[in-house]
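Working notes, beginning with the structure itself.
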Amino acid sequence: MRPIGPAGVFAPTQAAPFVAEEAAPARNRVRLLALAMFAVLLLLAGRAVQLAFSGDPLAQPHRTASAPAPVARADLVDRNGVLLATSVRAYALTATPARVWNAQETAAALRQMFPELDRDVLARRLTDSSRQVVYLRRGLTPNQREQVLALGLAGIGFQAEDRRAYPNGRLAAHVLGFTDVDLNPLAGVERGLDAQIRAAGESGRALALSIDVRVQYAVEEELDFAARAAGASGGAAVLLDAHSGEALALASWPSFDPNAAGAAPEHARVDRAAGGVRELGSTMKPFTVAMALEEGAASSREVFDLSQPFDVDGHAITDHEQILGPVGLREILARSSNIGAARLALRLGGARQRAYLERLGLTTPAQLELGRNQAPLAPRAQGRRDVAGLGFGYGLAATPAALAGAYTVFANDGARVEPTLLARAEDGVIARAPVFAPETARQVLLYMRAVVTNGTGRAADVPGLAVAGKTGTAEIWGRADGYTESRNFSSFAGVFPTHEPRYVIVFALDEVGQGGAGGAVAAPAVARTLRRVAPMLGLRVDAPAR
Amino acid sequence: MAKAHLRRAFVGLALVIIAVLAVGLYRAKSDAAKTEADVRRLEITIAETEAELRALRAEIAHLESPARVEDLAERHLGVAVASESAALPESAIDTRLPAPRAP
C-alpha cells in the first residue's frame, strides 16, 4: 500500500507515520466512495458523449396507431376550386397473433362486419405465430374502426393510413381515375399527373383541373340519358374551351364509382373519351372540305353533280340519300355527301391528306394528362380507295378526345390547340399550331352552321347559341360480318357560338342500332346539353317563341 | 507543499467543472429533446386535425355534389332541371302575373 501523501515526502529509511490498524476500513470506504464517484462521472461523461453525437433516443416520436403518415398526394379540385379528390384518414385492420385469445371466435366476429373476408384465411392469419403483426383488411373508415373496437377483440389493432376519396362519386370518374390502397395511381389523372400530384402534395397545395363540375355533371347526365335511350353499348362526350384547350367536361359512359373501383365491371372502367378508338365517320368531312379549300382543290363557288354513285377502283361510293342537282361545298357538308367528300379527297391525294391529318393530331395519341391515351389506328392510305374512304371518315380510328382537339381549328382561325385537363394560368402561354388559313376555317365553319340549320344536324340547333357542327354515323366493322348498318358509331362534333367560336363539343355513342344516325341520337343530346351548360359558360340561349 | 495543494485544488476544480459541464450538457440536451418531442407531438396533433379537416371538406363536397343537390331539389322542392320547355319568353310574363292593382 502506497502511503498517503506526495511522493518523496518520506525518505525510504524514514519510519512511516503511525497508522492505526483500525483506520483501514475507513480507507476502504473512502476508496469505494471515490470509485463510485468516478463511476458516476464516467456515466455522466458517457451520456454526454452519447447525447452530443446521437441525440436523445427517448425524444423520438412514438408511432402509435393514430400517428399520421405524411400525405403523399395533393387534393384535386376543379377549375372553380370544388374538391374532386382528397386523401382521408383510414385504418388498416391488423392483428398480433400472439395476443389473439381465440382465433375462430375472432374470425367469426370480424366476418360479421366484413363478410368479404375469407374465414379460413382469416383464421390462418390470426394463428400465424411466425409473424408479429398480420394485416387483415385495408382502408377501414373511422366508423368501421370504432365498430371493430366496440367488439373488444384481443390482439386486434389498427394502423393509420391514408385512403383516396372521391366525394362526388361517379362524377368525372374516368377523368380522375383511382389509386390502389397504397395510393399508387392506376388510372385517370391520378396516374397521368402523378408526379405533379405528389409535388403539390409535398408543398401542401391542391392541383386544379380544367373541368367544371357543373358542366361535367350536365354533360354526364345527358350522355347517360342519350346512351340509354339509344341502346348504346358505350358513349363519350367532350366539351373544350377551344381557345385554351382546357377540357371543361370529359365524360365516358357507362361510369363507375372510383371509391370502389375494384367492384366496378371492367367495361365501366374503360374510358371511351380518350381510351377507345372508332372510325369517326362523317365528322371528318369538314376537314376534307377544309383541306380542299386550303389546297385550292375546290372553291366555294364550284358545283358538283353527286347524283350518281362514284366508282373508285371498282368500289361504288354512294350517299345515304341521293342528292340531285348541282350542289356546292356547303351542300356536301349539310347533306353529308360521301361522294362529294371522296371526290375532294381524291383531288387532294394521299400525301397531302396525310400531312393534314398529322397536323390535326389525328395520327398520334392525344396528350391529355390521363393514365392512358389510346393511340389512333391510322395506317397510311395504300390506294385510291383508302384516300377516298378517309375523306368521309373511314380508314382512320381515333378517340373522341382527339376529334375534339382537331375541331379546335374551327374556333381558332385554323390553328389547333392541344386539349388539356390542367387548368391553365390566365397569363399562360398557349401553343397554337396553324393547320388552315383563317379564311378557310371561317368558311368551313359557315358550312357547318348550315349543317345545323338546314342539314343532318338540325336536331343540334339551340336558338340563340348558333351551333355549327357535323353529324357522323360510322358503321362499325366486325370480324364476322364486316361493316354493318346494324351497329353504328353515332356522333356529333360541333363548335359554338358560330359568330364568336370558342367552344368545341363532341358527343359519341357506340354500337347504336340501325336508324341511330348521328343526327338522330347524338345531335339532340348535344342540344339538350348546350341548353343546360350555356348559362354556365356565360352564353345566352333564346327562349322558344310561344 | 503549496504547489501540491495548488495542483490538488486545480484537479478538484477541473473535476467540478467537468461534472458541471456534463450535467449542464445533459440537461440542455434533455430539454432540447423534450422540446423536440413536444414539437413532434404538436405536429402529430396538427396532422390529425388536418386529416379531420380533409374529411370534413370531403363531406362538404359530397353534400354539395350536383347529383345529390339535384336529387334533393326534385324530392323535397319539386324543382327540376331547367329545360327549353320551362323557359318563358319575356312577352309571356304579363300573362302569368296577376293584374295590376288599381291605385
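Labels for the C-alpha cells follow display order: chains A, B, ..., residues from 1 in each chain, ligands from 1.
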
Proximal residues of chain B relative to chain A (only C-alpha atoms; 7 Å) as an MDAnalysis selection string: chainID B and resid 19 22 25:26 29 33:34 36:37 40 44 47:48 51 54:55 58:59 61:62 65:66 83:84 87:89

In region 280-476 of chain A, DSSP alpha helix (DSSP H) residues written as number ranges by chain: A: 285-294, 329-334, 338-348, 350-359, 384-391, 400-407, 438-454

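For the atom pair formed by CA of Gln443 (chain A) and CA of Phe410 (chain A), the distance is 9.3 Å, given to one decimal.
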
Spatial neighbours of Gly234 (chain A), 7 Å, only C-alpha atoms, chain gap at least 4 places, as a list of chain:residue names: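 With the cut-off at 7 Å, the set is A:Ala227, A:Trp253, A:Pro254, A:Leu509, A:Asp510.
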
Those same residues, written as a PDB file, in the first residue's frame with C-alpha atoms?
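Result file follows (again-v1.pdb):
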```
ATOM      1  CA  ALA A 227     -76.918   6.347 -74.357  1.00  0.00           C
ATOM      2  CA  TRP A 253     -70.465   6.100 -70.293  1.00  0.00           C
ATOM      3  CA  PRO A 254     -71.051   3.775 -68.510  1.00  0.00           C
ATOM      4  CA  LEU A 509     -72.495   6.864 -78.903  1.00  0.00           C
ATOM      5  CA  ASP A 510     -71.089   3.431 -79.553  1.00  0.00           C
TER       6      ASP A 510
END
```

Distance query Ala264 (chain A) at most 12 Å, only C-alpha atoms, self and fewer than 6 positions along chain excluded, as JSON, numbers by chain: {"A": [170, 173, 178, 254, 255, 256, 257, 258, 270]}

Write the residues of the preceding selection, restricted to all heavy atoms, as a compact mmCIF listing (two decimals), in the first residue's frame.
```txt
# COMPACT_ATOMS: atom_id res chain seq x y z
N ARG A 170 -69.45 9.12 -58.77
CA ARG A 170 -69.22 8.78 -60.17
C ARG A 170 -68.82 9.97 -61.04
O ARG A 170 -68.35 9.79 -62.15
CB ARG A 170 -70.50 8.18 -60.77
CG ARG A 170 -70.85 6.83 -60.18
CD ARG A 170 -72.23 6.39 -60.63
NE ARG A 170 -72.49 5.04 -60.17
CZ ARG A 170 -72.30 3.95 -60.92
NH1 ARG A 170 -71.89 4.08 -62.15
NH2 ARG A 170 -72.54 2.76 -60.44
N ALA A 173 -65.48 10.29 -63.09
CA ALA A 173 -64.72 9.13 -62.63
C ALA A 173 -63.57 8.79 -63.58
O ALA A 173 -62.45 8.50 -63.13
CB ALA A 173 -65.65 7.93 -62.50
N PHE A 178 -58.25 6.48 -60.30
CA PHE A 178 -58.25 5.99 -58.93
C PHE A 178 -56.86 5.46 -58.58
O PHE A 178 -55.99 5.35 -59.46
CB PHE A 178 -59.30 4.89 -58.74
CG PHE A 178 -59.25 3.80 -59.77
CD1 PHE A 178 -58.47 2.68 -59.58
CD2 PHE A 178 -59.97 3.91 -60.96
CE1 PHE A 178 -58.41 1.67 -60.53
CE2 PHE A 178 -59.91 2.91 -61.93
CZ PHE A 178 -59.13 1.78 -61.70
N PRO A 254 -70.59 3.66 -69.90
CA PRO A 254 -71.05 3.77 -68.51
C PRO A 254 -69.94 4.22 -67.57
O PRO A 254 -68.76 4.10 -67.90
CB PRO A 254 -71.51 2.35 -68.19
CG PRO A 254 -70.70 1.48 -69.09
CD PRO A 254 -70.50 2.27 -70.33
N SER A 255 -70.37 4.69 -66.41
CA SER A 255 -69.41 5.20 -65.46
C SER A 255 -69.27 4.24 -64.28
O SER A 255 -69.87 3.17 -64.26
CB SER A 255 -69.85 6.58 -64.98
OG SER A 255 -68.84 7.19 -64.22
N PHE A 256 -68.48 4.64 -63.31
CA PHE A 256 -68.25 3.79 -62.13
C PHE A 256 -67.90 4.69 -60.96
O PHE A 256 -67.64 5.88 -61.14
CB PHE A 256 -67.12 2.79 -62.39
CG PHE A 256 -65.77 3.45 -62.53
CD1 PHE A 256 -64.88 3.48 -61.47
CD2 PHE A 256 -65.39 4.06 -63.71
CE1 PHE A 256 -63.64 4.11 -61.58
CE2 PHE A 256 -64.17 4.69 -63.84
CZ PHE A 256 -63.29 4.71 -62.79
N ASP A 257 -67.94 4.11 -59.78
CA ASP A 257 -67.58 4.89 -58.59
C ASP A 257 -66.11 4.63 -58.26
O ASP A 257 -65.74 3.51 -57.89
CB ASP A 257 -68.46 4.46 -57.41
CG ASP A 257 -68.21 5.33 -56.19
OD1 ASP A 257 -67.28 6.16 -56.22
OD2 ASP A 257 -68.95 5.18 -55.19
N PRO A 258 -65.26 5.64 -58.41
CA PRO A 258 -63.84 5.41 -58.14
C PRO A 258 -63.54 5.09 -56.68
O PRO A 258 -62.45 4.61 -56.36
CB PRO A 258 -63.18 6.73 -58.56
CG PRO A 258 -64.26 7.75 -58.54
CD PRO A 258 -65.53 7.03 -58.83
N VAL A 270 -63.62 1.36 -68.61
CA VAL A 270 -62.99 1.77 -69.87
C VAL A 270 -63.33 3.22 -70.16
O VAL A 270 -64.48 3.62 -70.13
CB VAL A 270 -63.49 0.88 -71.03
CG1 VAL A 270 -62.99 1.41 -72.37
CG2 VAL A 270 -63.03 -0.55 -70.82
```

Shell of 9 Å around Arg416 (chain A), only C-alpha atoms, local chain residues under 5 positions omitted, as a PyMOL selection string: chain A and resi 242+245+359-361+405-411+431-436

Output C-alpha atoms for every residue in that selection, as a PDB file, in the first residue's frame.
```pdb
ATOM      1  CA  ALA A 242     -61.015  25.727 -77.812  1.00  0.00           C
ATOM      2  CA  GLY A 245     -57.560  23.775 -74.954  1.00  0.00           C
ATOM      3  CA  ARG A 359     -51.178  18.323 -88.224  1.00  0.00           C
ATOM      4  CA  LEU A 360     -54.705  17.866 -86.918  1.00  0.00           C
ATOM      5  CA  GLY A 361     -53.348  15.431 -84.335  1.00  0.00           C
ATOM      6  CA  GLY A 405     -58.791  18.526 -80.353  1.00  0.00           C
ATOM      7  CA  ALA A 406     -58.851  18.571 -84.146  1.00  0.00           C
ATOM      8  CA  TYR A 407     -62.081  20.619 -84.186  1.00  0.00           C
ATOM      9  CA  THR A 408     -60.347  23.426 -82.284  1.00  0.00           C
ATOM     10  CA  VAL A 409     -59.069  24.600 -85.683  1.00  0.00           C
ATOM     11  CA  PHE A 410     -62.554  25.889 -86.449  1.00  0.00           C
ATOM     12  CA  ALA A 411     -62.618  28.027 -83.312  1.00  0.00           C
ATOM     13  CA  ALA A 431     -49.303  26.823 -78.160  1.00  0.00           C
ATOM     14  CA  ARG A 432     -51.295  27.250 -81.370  1.00  0.00           C
ATOM     15  CA  ALA A 433     -50.354  25.087 -84.318  1.00  0.00           C
ATOM     16  CA  PRO A 434     -51.632  26.577 -87.593  1.00  0.00           C
ATOM     17  CA  VAL A 435     -53.288  23.997 -89.841  1.00  0.00           C
ATOM     18  CA  PHE A 436     -55.585  26.022 -92.097  1.00  0.00           C
TER      19      PHE A 436
END
```

Exercise: region 123-133 of chain A partners within 12 Å, only C-alpha atoms, chain neighbours under 2 positions left out, as a ChimeraX atom specification: /A:92-111,117-121,135-137,153-159
